[in-house]
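Report on the following structure.
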Amino acid sequence: MKRAIVACTAALLATMSFASQPELASVRKVYVLPMATGLDQYVAQQLVAQGVLEVVTDLAQADAILSDQVGPRLERQVLVLEHLAGRRRRPEGTSEAPATVESGSAGPGLLSRFEDDLGPLTTGFGRTRGNVFLVSRTTGTVLWSTYRRLHRTTPDALHSMAREIVGQLKKAVRSTKR
């Protein structure tokens, strides 16, 4: 009887966690933000090797963003990337000098609400200590997350960690497509 209750509870929780994120099933392309120790490179490689999601280098093409942080720091990174992408796509023949984030000419208040309390734009893996998040680019909703403590930063350790992270994401994506 006790086993049946535990099994039913586990099944219910698993169903609820995946059913509450139907948007995860629609994610096809992901933009991987820089992470400390270069973990992003290993994660991108594993995403492609395991065929979980298509990794794109243009944020505008992504359905979701993979990052080691959420909140104002993630928002700031996305604002900077979107601004820089917009600058690169400016129509030819425009004599207007490109706006720069550094000079503040990117528009009033683009980054000002983050600058005072966040400091320079950095990755946060050391600060978050092992969290990885898949965030919807359109809604900002965290679609999936995991925790993997990084004990060593050797290439083999980073590769192994990336394989574990992507393996967990692969299971979650498959579960939502059933």
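So you can find residues: chains in the structure tokens are A, B, ... in the order shown, residues in each start at 1, and ligands are numbered from 1 in order.
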Quiz item: Any idea what's packed within 8 Å of range 165-170 of chain A, counting only C-alpha atoms, ignoring anything in its chain fewer than 5 positions away? Could you give it as a VMD selection string?
Solution: chain A and resid 43 46 to 47 50 52 144 146 148
Quiz item: For the atom pair CA of Met35 in chain A and CA of Glu23 in chain A, what is the interatomic distance in Å to one decimal place?
Solution: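 Computing the Euclidean distance for CA of Met35 in chain A and CA of Glu23 in chain A yields 24.1 Å.
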Quiz item: Separation of CA of Ala44 in chain A and CA of Pro22 in chain A, in Å?
Solution: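 For CA of Ala44 in chain A relative to CA of Pro22 in chain A, the distance reads 23.0 Å.
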Exercise. Please provide as a ChimeraX atom specification all residues within 6 Å of range 63-68 of chain A, with the sequence filter that same-chain residues fewer than 2 positions apart are discarded (counting only C-alpha atoms).
Key: /A:27,29-33,125,131-137
Would you save the residues from that selection as a PDB file, in the first residue's frame, using N, CA and C atoms?
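Just written: result_13.pdb:
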ATOM      1  N   VAL A  27      10.075  24.131 -28.120  1.00  0.00           N
ATOM      2  CA  VAL A  27      11.426  24.669 -28.283  1.00  0.00           C
ATOM      3  C   VAL A  27      12.197  23.801 -29.266  1.00  0.00           C
ATOM      4  N   LYS A  29      15.034  25.611 -31.216  1.00  0.00           N
ATOM      5  CA  LYS A  29      16.317  26.284 -31.367  1.00  0.00           C
ATOM      6  C   LYS A  29      16.674  26.999 -30.072  1.00  0.00           C
ATOM      7  N   VAL A  30      17.944  26.901 -29.681  1.00  0.00           N
ATOM      8  CA  VAL A  30      18.386  27.491 -28.426  1.00  0.00           C
ATOM      9  C   VAL A  30      19.642  28.329 -28.656  1.00  0.00           C
ATOM     10  N   TYR A  31      19.707  29.441 -27.943  1.00  0.00           N
ATOM     11  CA  TYR A  31      20.894  30.286 -27.912  1.00  0.00           C
ATOM     12  C   TYR A  31      21.562  30.040 -26.566  1.00  0.00           C
ATOM     13  N   VAL A  32      22.819  29.674 -26.576  1.00  0.00           N
ATOM     14  CA  VAL A  32      23.529  29.369 -25.332  1.00  0.00           C
ATOM     15  C   VAL A  32      24.361  30.582 -24.939  1.00  0.00           C
ATOM     16  N   LEU A  33      24.015  31.181 -23.798  1.00  0.00           N
ATOM     17  CA  LEU A  33      24.762  32.333 -23.306  1.00  0.00           C
ATOM     18  C   LEU A  33      26.090  31.880 -22.704  1.00  0.00           C
ATOM     19  N   PHE A 125      28.252  31.505 -13.360  1.00  0.00           N
ATOM     20  CA  PHE A 125      28.300  30.125 -12.905  1.00  0.00           C
ATOM     21  C   PHE A 125      28.924  30.012 -11.523  1.00  0.00           C
ATOM     22  N   ASN A 131      23.669  26.025 -11.218  1.00  0.00           N
ATOM     23  CA  ASN A 131      22.339  26.072 -11.811  1.00  0.00           C
ATOM     24  C   ASN A 131      22.430  26.348 -13.308  1.00  0.00           C
ATOM     25  N   VAL A 132      21.567  25.696 -14.068  1.00  0.00           N
ATOM     26  CA  VAL A 132      21.449  25.942 -15.502  1.00  0.00           C
ATOM     27  C   VAL A 132      19.957  26.047 -15.802  1.00  0.00           C
ATOM     28  N   PHE A 133      19.586  27.066 -16.585  1.00  0.00           N
ATOM     29  CA  PHE A 133      18.180  27.352 -16.865  1.00  0.00           C
ATOM     30  C   PHE A 133      17.931  27.434 -18.369  1.00  0.00           C
ATOM     31  N   LEU A 134      16.790  26.906 -18.807  1.00  0.00           N
ATOM     32  CA  LEU A 134      16.307  27.085 -20.164  1.00  0.00           C
ATOM     33  C   LEU A 134      15.133  28.054 -20.052  1.00  0.00           C
ATOM     34  N   VAL A 135      15.291  29.218 -20.667  1.00  0.00           N
ATOM     35  CA  VAL A 135      14.314  30.301 -20.509  1.00  0.00           C
ATOM     36  C   VAL A 135      13.693  30.627 -21.863  1.00  0.00           C
ATOM     37  N   SER A 136      12.380  30.734 -21.889  1.00  0.00           N
ATOM     38  CA  SER A 136      11.676  31.108 -23.112  1.00  0.00           C
ATOM     39  C   SER A 136      12.101  32.515 -23.520  1.00  0.00           C
ATOM     40  N   ARG A 137      12.468  32.683 -24.781  1.00  0.00           N
ATOM     41  CA  ARG A 137      12.883  33.993 -25.267  1.00  0.00           C
ATOM     42  C   ARG A 137      11.712  34.955 -25.359  1.00  0.00           C
TER      43      ARG A 137
END
Quiz item: Using only C-alpha atoms, which residue out of A:Gln77, A:Asp40, A:Gln69, A:Glu54 lies closest to Val142 in chain A?
Solution: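 Between A:Gln77, A:Asp40, A:Gln69, A:Glu54, the residue approaching Val142 in chain A most closely is A:Gln69.
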Quiz item: If you measure from CA of Leu24 in chain A to CA of Tyr42 in chain A, what distance in Å do you get, rounded to one decimal?
Solution: 21.6 Å
Practice problem: For Ala25 in chain A, list every protein, DNA or RNA residue within 8 Å, evaluated using only C-alpha atoms, and leave out those in the same chain fewer than 3 positions away; present the list as a ChimeraX atom specification. | Solution: /A:21-22,173-174,176-177
